[in-house]
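Student: Starting off with a structure, shown below.
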Amino acid sequence: MMKFTKLVRNMLAASMCLMVAATALPGHAQAADDFPTRPMTYMITFNPGGQSDREARRQEPLLKELLGQNVIIDYKVGGGGALGWKELVTSEPDGYTFAGFNIPHTILQPMLQDVGYKTDQLIPVCIFQRTYLGLAVPLDSPYKTYEEFIAAAKKAPGKMKLCGSGSLSGHHIALLSLQKQAGVRITYIPETGSATQMTGFLGGHYDAIIANSDDLVRFRDKARILAVTSAERLKLFPDVPTFKEKNLDIVLSIDRGVALPPGTPDNVVRTLEKAFIDIANRPEVIEAQTREGFTPVAMGHDECVSYIKEMTKFYGDILKNTRGK
Amino acid sequence: MDFSFAYLFNGFLAALSPLNILLAMVGCLFGTLVGVLPGIGPTSGIAILLPLTAQLGDPTGSIIMLAAIYYGAMYGGSTTAIMVNIPGEASSVCTAIDGFQLAKQGRGGPTLAICAISSCVAGTLGVIGLSFFAPPLANLALKFGPPEYFSLMFMALALIISLAGNALLKGLTAASFGLLISYIGQNPLTGTSRLTFGSLDLMGGIDFISIIIGLFAISEVFVNVEKNTRYMLENTKVDWKPKWAEVLYCRFAMIRSAVVGFFLGLLPGCAPAVTTFIAYDIEKRFSKHPEKFGHGAIDGVAAVEGANNATSSAGFVPLFAFGLPTGSAMAVLLGGFMMYGLTPGPMLFQENPDFVWAIIASMYIGNLMCLMLNLPLIGLWARIAIIPFPVLGPLILIFSVIGAYSVRFQLFDVWMTLVFGVIGYFMRKFRFPMAPLILAVVLAQMMETSLSQSLMLSDGSLNIFFSRPISAFFMVLGIAAIIRGLWRQYKCNSLEEACESDD
Amino acid sequence: MSTSLRTADIISGLFCFGFGGAMMSQALKIQNILDEPLHPGTLPLSLSIILMVLGVALAIRAWRYKGARVEVVWPELSGWINILVTIVALVFFYTTLPTLGLPVSGFIFTAGLIWFYDRRPHFAIPVGLGVSLLFYYVFIKVLQMPYPLGILN
């Protein structure tokens with residue numbers, strides 16, 4: 001066994017040398033038919049123990065089973081994920097390095113400033129997890145329904161304080177479109193993350209909150225959810241109406257998936273896509289995600305590309321309106 | 001989640017099972033070791049073992065172990081601060097101020113022992129607070145909103161004046177420098193890049209572990225190699241047993257710091273390191289020998305370590321009660337809960353009381369275990385001093401640099417350690433105090449974030465800090481500390497020498 | 001080489017002034033896109049100004065100081081060489097880390113630096129090897145830390 005691993009390692013070293021030699025030649029994007037032949041790196045751009053990390057840990061053994069190679073989870077943390085994605089787009093496009101990516105983060109960040117990568121440089125493989133957002137108030141709040149909440153907000157423009165995580169983030173954009181479509185003005189107060197956001201909310205320092213469905217599930221006995229941003233009612237909160245039912249066109253979500261560097265050969269994208277879709281469709285994965293408050297999805301490469309295009313337009317339009325003020 | 005002796009008793013039964021005792025011991029030992037390694041703190045320690053514990057399959061055992069790593073790391077954190085003047089994290093910066101002076105006097109071993117005892121006393125008092133009063137305390141902690149946090153940070157920032165000793169101007173300069181470099185990178189609220197000179201690497205900010213490793217570890221190596229140091233401590237006694245009188249002398253320091261550390265540690269928005277600075281300052285005011293502070297005050301070291309451990313116990317209150325983490329290490333631990341499909345909060349106490357109380361009971365056992373593991377280890381740590389510096393220096397460098405790398409896995413952070421190593425070298429030569437800079441770095445982001453949020457809540461009015469009672473209390477304390485400090489400095493016009501300069 | 005603390009204070013004061021100025025130039029560029037009550041540039045700008053003022057104050061006070069000369073203790077030439085070699089060793093370590101990997105690069109760094117300080121190989125080789133094996137087996141293999149493996153990959 002020892003001998004065998006040594007042999008494999010020597011072979012790997014040799015193939016590495018060959019690959020280095022190959023990359024020195026022009027037009028190196030040779031499609032490797034037998035991908036993968038060595039361990040792969042799954043880059044996580046958020047802290048260990050965070051949601052992205054936990055999802056990756058869930059997938060790791062299954063990826064190994066499906067692809068026959070080890071998957072090493074590597075962290076590149078910082079800049080709200082931007083540092084990792086910046087590194088991804090400059091890494092070798094051979095399929096051996098892929099990274100978790102989040103929507104709308106990878107759409108909004110490059111839109112707002114130079115972050116070292118562009119949205120379309122990330123080649124999506126699969127989107128496998130979705131979090132819808134919910135508008136909620138504390139249990140002791142006087143507003144029992146969405147209508148009461150909006151009526152109160154209309155009465156006192158700018159007086160109501162709503163907290164979300166980050167400025168010009170998914171939460172903020174959701175509020176911006178709510179303000180525009182419902183004709184209200186609410187003061188948005190950003191927090192630095194979902195933990196601090198929920199802390200402030202539970203302490204009663206804000207009138208309302210826009211938060212991820214998985215956080216709202218955890219605190220469902222402390223919050224009254226007034227509306228959610230999904231197209232249809234969520235299984236977890238069957239009594240909570242959607243914004244769509246209230247005649248507002250607010251359907252947005254935070255999505256997690258994996259992406260590859262630009263220039264990755266198509267067959268490599270397809271191999272990984274097949275594996276990730278397979279995992280996303282497994283009943284135990286779907287069950288676990290649902291329990292944690294997520295909406296399981298399984299979007300392949302092509303579907304992701306058109307979805308990202310659609311969302312880019314959506315977010316772009318809202319930003320244009322905001323900045324035009 | 002009401003307390004009952006039956007629950008606690010059952011918890012002890014579960015925690016005392018041979019496997020769980022073994023796991024707690026492994027956690028304490030591993031925690032102590034990662035705590036000793038500079039730069040690798042509880043956060044990395046828990047993160048490292050998180051995927052491995054998942055293979056255990058037993059949530060109780062895994063969380064017992066992960067929690068043990070967390071408080072175990074607090075025991076180990078003081079070691080390098082005392083023996084080689086290298087705090088591996090922000091929370092042991094104050095330990096180094098007096099601890100290294102004591103080590104130079106040949107009392108490194110007894111100091112480490114007192115730290116371990118203080119850690120155990122304060123840690124256990126913290127766990128008692130956790131088991132008996134968690135729900136009311138957790139609700140109290142939530143009363144802190146953005147204005148309260150800002151006032152608390154403001155008061156903590158006023159400590160710079162006392163930390164700067166007789167070098168006020170230099171202390172303030174160092175603190176302003178620290179605040180300024182903390183604002184490099186993305187604003188935590190809006191995500192806009194600031195002060196980056198167009199560099200994408202700086203966009204992610206400078207991680208404060210890199211700053212600490214550079215200022216303390218790398219510059220410490222520089223000042224030793226320049227003298228061709230053979231041994232870091234001339235006085236290389238390996239005896240570690242403290243005198244009983246010393247332990248008694250520190251008993252009130254331990255209890256006071258436990259109380260301070262515990263209450264501040266309850267606050268989800270207050271970085272754990274802040275409590276150590278506040279406890280150090282409070283102890284200086286209560287001490288019978290305040291003049292010893294900065295020159296080897298054993299009660300100062302005991303207070304810092306006690307506060308540190310009480311804080312780590314207190315962090316479990318908001319975590320268990322609401323699932324809210326008080327810092328990055330707790331956030332990773334929360335991730336561990338979620339990995340098993342457990343959601344901390346009131347529901348957890350109702351649905352899995354056996355699990356929760358087993359963890360709490362294990363913390364009583366774990367704190368004792370940490371003490372019993374650490375006392376014999378001190379003999380070993382005290383021998384660090386007898387490693388010749390030509391061997392010790394490179395070891396310090398490689399472990400601390402890799403520690404800095406382990407925070408975000410960015411090579412950029414490693415380069416920053418070198419930059420701050422050079423800055424730290426000149427700060428030592430030009431006698432700038434380091435502690436105010438570190439305090440400023442620890443406070444900077446929380447201060448700006450809470451100020452910004454408070455002003456949004458109040459529509460731009462500063463009255464919000466004075467119209468809320470808790471906030472007004474801290475503001476008044478802070479302002480009083482500033483006035484007092486400035487008054488004392490009024491006539492002093494000598495060239496400044498920082499109190500912690502090493503020669 | 002000899003410097004008094006007075007000169008040192010003037011130098012560090014001027015450095016802070018310069019650094020504060022550079023930061024101020026950056027702080028002025030920060031925009032308040034969202035119209036927040038606390039402009040994201042307010043604190044950076046005011047701190048850069050405070051740093052500049054403190055720097056000038058430090059320099060002026062040192063300039064006017066007439067007391068006894070306090071010496072800044074600089075190392076001898078051999079000390080400077082030691083520091084320089086340490087920096088070069090760190091730079092070497094950092095630059096080779098991604099390509100050679102932590103175990104190899106760490107071995108060269110530790111063994112090389114110990115050999116340089118100690119002038120004898122009998123600590124350098126075993127300690128270097130020990131560190132390298134510790135990182136490889138304990139941190140990378142057992143604990144699965146994602147440290148660069150470089151050529152060992």
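Just so we're on the same page: first chain in the structure tokens is A, next is B, and so on; residues restart at 1 for each chain, and ligands are numbered from 1 in the order they show up.
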For Leu22 in chain B, work out the shell of residues within 12 Å, counting only C-alpha atoms and skipping chain neighbours fewer than 4 positions away, then give it as a count of residues only.
Tutor: 17
Student: With only C-alpha atoms as the counted atoms, please give the residues lying no more than 12 Å from Phe15 in chain C, apart from itself and same-chain residues fewer than 4 positions off, as a list in words.
Tutor: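 Counting only C-alpha atoms, the residues come to Thr173, Phe177, Ile423, Phe426 and Met427 of chain B; Ala8, Asp9, Ile10, Ile11, Phe19, Gly20, Gly21, Ala22, Leu51, Met52, Val53, Leu54, Gly55, Val56, Leu58 and Ala59 of chain C.
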Student: Print the selection's residues with N, CA and C atoms to a file, as a PDB file, in the first residue's frame.
Tutor:
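Wrote it out as again.pdb, contents follow:
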ATOM      1  N   THR B 173      -0.176  58.634  19.507  1.00  0.00           N
ATOM      2  CA  THR B 173       0.253  58.486  18.118  1.00  0.00           C
ATOM      3  C   THR B 173       0.100  57.032  17.687  1.00  0.00           C
ATOM      4  N   PHE B 177      -2.384  55.626  14.800  1.00  0.00           N
ATOM      5  CA  PHE B 177      -1.839  54.811  13.719  1.00  0.00           C
ATOM      6  C   PHE B 177      -2.613  53.498  13.643  1.00  0.00           C
ATOM      7  N   ILE B 423       8.197  47.682  11.449  1.00  0.00           N
ATOM      8  CA  ILE B 423       7.590  48.797  12.191  1.00  0.00           C
ATOM      9  C   ILE B 423       7.770  48.574  13.689  1.00  0.00           C
ATOM     10  N   PHE B 426      11.273  49.373  14.971  1.00  0.00           N
ATOM     11  CA  PHE B 426      11.539  50.805  15.179  1.00  0.00           C
ATOM     12  C   PHE B 426      10.713  51.362  16.337  1.00  0.00           C
ATOM     13  N   MET B 427       9.509  50.813  16.529  1.00  0.00           N
ATOM     14  CA  MET B 427       8.725  51.267  17.684  1.00  0.00           C
ATOM     15  C   MET B 427       9.451  50.945  18.983  1.00  0.00           C
TER      16      MET B 427
ATOM     17  N   ALA C   8      15.352  60.697  17.120  1.00  0.00           N
ATOM     18  CA  ALA C   8      14.424  59.613  16.798  1.00  0.00           C
ATOM     19  C   ALA C   8      12.985  60.104  16.846  1.00  0.00           C
ATOM     20  N   ASP C   9      12.674  60.922  17.857  1.00  0.00           N
ATOM     21  CA  ASP C   9      11.312  61.448  17.965  1.00  0.00           C
ATOM     22  C   ASP C   9      10.990  62.353  16.791  1.00  0.00           C
ATOM     23  N   ILE C  10      11.968  63.139  16.378  1.00  0.00           N
ATOM     24  CA  ILE C  10      11.721  64.019  15.226  1.00  0.00           C
ATOM     25  C   ILE C  10      11.475  63.174  13.987  1.00  0.00           C
ATOM     26  N   ILE C  11      12.295  62.128  13.821  1.00  0.00           N
ATOM     27  CA  ILE C  11      12.120  61.266  12.644  1.00  0.00           C
ATOM     28  C   ILE C  11      10.758  60.583  12.683  1.00  0.00           C
ATOM     29  N   PHE C  19       2.896  59.698   6.768  1.00  0.00           N
ATOM     30  CA  PHE C  19       1.945  58.587   6.642  1.00  0.00           C
ATOM     31  C   PHE C  19       0.517  59.124   6.730  1.00  0.00           C
ATOM     32  N   GLY C  20       0.308  60.013   7.706  1.00  0.00           N
ATOM     33  CA  GLY C  20      -1.011  60.626   7.843  1.00  0.00           C
ATOM     34  C   GLY C  20      -1.408  61.363   6.565  1.00  0.00           C
ATOM     35  N   GLY C  21      -0.451  62.054   5.977  1.00  0.00           N
ATOM     36  CA  GLY C  21      -0.727  62.796   4.740  1.00  0.00           C
ATOM     37  C   GLY C  21      -1.122  61.862   3.613  1.00  0.00           C
ATOM     38  N   ALA C  22      -0.362  60.754   3.490  1.00  0.00           N
ATOM     39  CA  ALA C  22      -0.671  59.794   2.424  1.00  0.00           C
ATOM     40  C   ALA C  22      -2.072  59.223   2.640  1.00  0.00           C
ATOM     41  N   LEU C  51      -3.311  62.099  13.230  1.00  0.00           N
ATOM     42  CA  LEU C  51      -1.970  61.504  13.189  1.00  0.00           C
ATOM     43  C   LEU C  51      -0.939  62.530  12.727  1.00  0.00           C
ATOM     44  N   MET C  52      -1.311  63.335  11.733  1.00  0.00           N
ATOM     45  CA  MET C  52      -0.381  64.365  11.257  1.00  0.00           C
ATOM     46  C   MET C  52      -0.087  65.368  12.371  1.00  0.00           C
ATOM     47  N   VAL C  53      -1.131  65.787  13.058  1.00  0.00           N
ATOM     48  CA  VAL C  53      -0.958  66.770  14.142  1.00  0.00           C
ATOM     49  C   VAL C  53      -0.083  66.189  15.248  1.00  0.00           C
ATOM     50  N   LEU C  54      -0.386  64.922  15.643  1.00  0.00           N
ATOM     51  CA  LEU C  54       0.410  64.289  16.693  1.00  0.00           C
ATOM     52  C   LEU C  54       1.866  64.146  16.260  1.00  0.00           C
ATOM     53  N   GLY C  55       2.063  63.814  14.990  1.00  0.00           N
ATOM     54  CA  GLY C  55       3.427  63.685  14.468  1.00  0.00           C
ATOM     55  C   GLY C  55       4.175  65.006  14.598  1.00  0.00           C
ATOM     56  N   VAL C  56       3.533  66.091  14.193  1.00  0.00           N
ATOM     57  CA  VAL C  56       4.163  67.414  14.286  1.00  0.00           C
ATOM     58  C   VAL C  56       4.425  67.757  15.753  1.00  0.00           C
ATOM     59  N   LEU C  58       4.915  65.758  18.226  1.00  0.00           N
ATOM     60  CA  LEU C  58       6.027  64.936  18.705  1.00  0.00           C
ATOM     61  C   LEU C  58       7.356  65.539  18.262  1.00  0.00           C
ATOM     62  N   ALA C  59       7.428  65.917  16.994  1.00  0.00           N
ATOM     63  CA  ALA C  59       8.665  66.474  16.448  1.00  0.00           C
ATOM     64  C   ALA C  59       9.002  67.806  17.124  1.00  0.00           C
TER      65      ALA C  59
END
Student: Give me, as a list of chain:residue names, the residues of chain C that a backbone DSSP run labels strand (DSSP E or B).
Tutor: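 For chain C, the strand (DSSP E or B) set is C:Thr3, C:Ser4, C:Glu71, C:Val72.
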Student: Write the residues of the preceding selection, restricted to C-alpha atoms, as a short mmCIF file (atom, residue, chain, number, x, y, z; two decimals), in the first residue's frame.
Tutor:
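Below you can see again_23.cif, which holds the result:
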data_model
loop_
_atom_site.label_atom_id
_atom_site.label_comp_id
_atom_site.auth_asym_id
_atom_site.auth_seq_id
_atom_site.Cartn_x
_atom_site.Cartn_y
_atom_site.Cartn_z
CA THR C 3 21.06 58.56 17.38
CA SER C 4 19.56 60.38 20.30
CA GLU C 71 20.61 57.35 23.45
CA VAL C 72 18.84 54.99 21.05
#
Student: Within 12 Å of Thr45 in chain A, counting only C-alpha atoms, which residues show up once you throw out same-chain ones fewer than 6 positions away? Write them as a PDB file with C-alpha atoms, in the first residue's frame, please.
Tutor:
ATOM      1  CA  GLN A  51     -22.716  28.102   5.827  1.00  0.00           C
ATOM      2  CA  SER A  52     -20.592  27.794   2.673  1.00  0.00           C
ATOM      3  CA  ASP A  53     -18.092  25.674   4.540  1.00  0.00           C
ATOM      4  CA  ALA A  56     -18.887  22.015   1.142  1.00  0.00           C
ATOM      5  CA  ILE A  73     -11.192  22.250   1.114  1.00  0.00           C
ATOM      6  CA  ASP A  74      -9.108  25.396   1.029  1.00  0.00           C
ATOM      7  CA  TYR A  75     -10.014  28.750   2.535  1.00  0.00           C
ATOM      8  CA  LYS A  76      -9.332  32.163   1.048  1.00  0.00           C
ATOM      9  CA  VAL A  77     -11.234  34.495   3.314  1.00  0.00           C
ATOM     10  CA  GLY A  78     -11.667  38.241   3.083  1.00  0.00           C
ATOM     11  CA  GLY A  79     -13.395  41.157   1.429  1.00  0.00           C
ATOM     12  CA  GLY A  80     -16.834  39.538   1.727  1.00  0.00           C
ATOM     13  CA  GLY A  81     -15.594  36.727  -0.507  1.00  0.00           C
ATOM     14  CA  ALA A  82     -14.002  39.008  -3.103  1.00  0.00           C
ATOM     15  CA  LEU A  83     -10.428  38.032  -2.253  1.00  0.00           C
ATOM     16  CA  GLY A  84     -11.148  34.381  -2.949  1.00  0.00           C
ATOM     17  CA  TRP A  85     -13.009  35.016  -6.207  1.00  0.00           C
ATOM     18  CA  LYS A  86     -10.247  37.328  -7.367  1.00  0.00           C
ATOM     19  CA  GLU A  87      -7.844  34.461  -6.800  1.00  0.00           C
ATOM     20  CA  LEU A  88     -10.110  31.975  -8.567  1.00  0.00           C
ATOM     21  CA  PHE A  98     -13.070  25.507  -8.096  1.00  0.00           C
ATOM     22  CA  ALA A  99     -14.701  27.780  -5.582  1.00  0.00           C
ATOM     23  CA  GLY A 100     -17.986  28.263  -3.861  1.00  0.00           C
ATOM     24  CA  PHE A 101     -19.717  31.420  -5.102  1.00  0.00           C
ATOM     25  CA  ASN A 102     -22.730  33.379  -3.940  1.00  0.00           C
ATOM     26  CA  HIS A 105     -22.382  38.817  -4.003  1.00  0.00           C
ATOM     27  CA  THR A 106     -20.604  37.993  -7.262  1.00  0.00           C
ATOM     28  CA  ARG A 256     -24.850  29.228  -3.329  1.00  0.00           C
ATOM     29  CA  GLY A 257     -23.021  27.272  -5.983  1.00  0.00           C
ATOM     30  CA  VAL A 258     -19.588  26.458  -7.331  1.00  0.00           C
ATOM     31  CA  ALA A 259     -17.703  28.146 -10.136  1.00  0.00           C
TER      32      ALA A 259
ATOM     33  CA  GLY B 204      -9.466  42.696   2.400  1.00  0.00           C
ATOM     34  CA  ARG B 408      -7.377  33.626   6.246  1.00  0.00           C
ATOM     35  CA  PHE B 409      -4.938  31.524   4.218  1.00  0.00           C
ATOM     36  CA  GLN B 410      -3.759  34.590   2.319  1.00  0.00           C
TER      37      GLN B 410
END
Student: Which residues in range 16-150 of chain C does DSSP call alpha helix (DSSP H)? List them as a ChimeraX atom specification.
Tutor: /C:16-27,42-64,77-100,102-118,121-133
Student: Name all residues at most 10 Å from Gly204 in chain A (count only C-alpha atoms; drop same-chain ones fewer than 5 positions away) and give them as JSON, numbers by chain.
Tutor: {"A": [137, 138, 139, 140, 141, 198, 199], "B": [142, 143, 144, 145]}
Student: Take the residues just selected and output them with C-alpha atoms as a short mmCIF file (atom, residue, chain, number, x, y, z; two decimals), in the first residue's frame.
Tutor:
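Output file again.cif is given in full below:
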data_model
loop_
_atom_site.label_atom_id
_atom_site.label_comp_id
_atom_site.auth_asym_id
_atom_site.auth_seq_id
_atom_site.Cartn_x
_atom_site.Cartn_y
_atom_site.Cartn_z
CA VAL A 137 -40.98 42.08 13.01
CA PRO A 138 -40.45 41.18 16.69
CA LEU A 139 -43.24 39.17 18.30
CA ASP A 140 -44.29 42.09 20.51
CA SER A 141 -44.50 44.43 17.53
CA MET A 198 -30.10 38.79 14.66
CA THR A 199 -28.54 40.07 17.91
CA LEU B 142 -29.37 41.94 24.40
CA LYS B 143 -30.17 45.33 25.92
CA PHE B 144 -26.91 46.47 24.39
CA GLY B 145 -27.69 48.11 21.09
#
Student: Within 9 Å of chain A, which residues belong to chain C? Use only C-alpha atoms and report them as a list of chain:residue names.
Tutor: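 Here they are: C:Ile33, C:Leu34, C:Gln144, C:Met145, C:Pro146, C:Tyr147, C:Ile151, C:Leu152, C:Asn153.
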Student: Kindly provide the residues of chain C that approach chain B to within 7 Å, each paired with its closest atom pair and their distance in Å to one decimal, based on only C-alpha atoms, listed by chain and increasing number, as CSV.
Tutor:
residue,atom,partner,partner_atom,distance
C:Leu5,CA,B:Phe430,CA,6.6
C:Ala8,CA,B:Phe430,CA,6.0
C:Asp9,CA,B:Phe430,CA,6.9
C:Met23,CA,B:Leu195,CA,6.3
C:Gln26,CA,B:Leu195,CA,5.0
C:Ala27,CA,B:Leu195,CA,5.9
C:Ile30,CA,B:Arg194,CA,6.4
C:Pro37,CA,B:Gly460,CA,5.5
C:Leu38,CA,B:Ser452,CA,5.3
C:Pro44,CA,B:Leu180,CA,6.1
C:Leu47,CA,B:Leu180,CA,6.2
C:Ser48,CA,B:Leu180,CA,6.8
C:Leu51,CA,B:Ser176,CA,5.9
C:Leu54,CA,B:Thr173,CA,6.0
C:Leu58,CA,B:Leu169,CA,6.9
C:Ala62,CA,B:Leu495,CA,6.9
C:Val72,CA,B:Lys429,CA,6.3
C:Pro75,CA,B:Glu226,CA,5.6
C:Gly79,CA,B:Glu226,CA,3.7
C:Trp80,CA,B:Glu226,CA,6.2
C:Asn82,CA,B:Val225,CA,6.0
C:Ile83,CA,B:Phe222,CA,5.7
C:Thr110,CA,B:Pro394,CA,5.6
C:Leu113,CA,B:Pro394,CA,6.3
C:Ile114,CA,B:Val391,CA,5.5
C:Tyr117,CA,B:Pro390,CA,5.1
C:Asp118,CA,B:Pro390,CA,5.5
C:Leu143,CA,B:Ile48,CA,6.3
C:Met145,CA,B:Ile48,CA,6.8
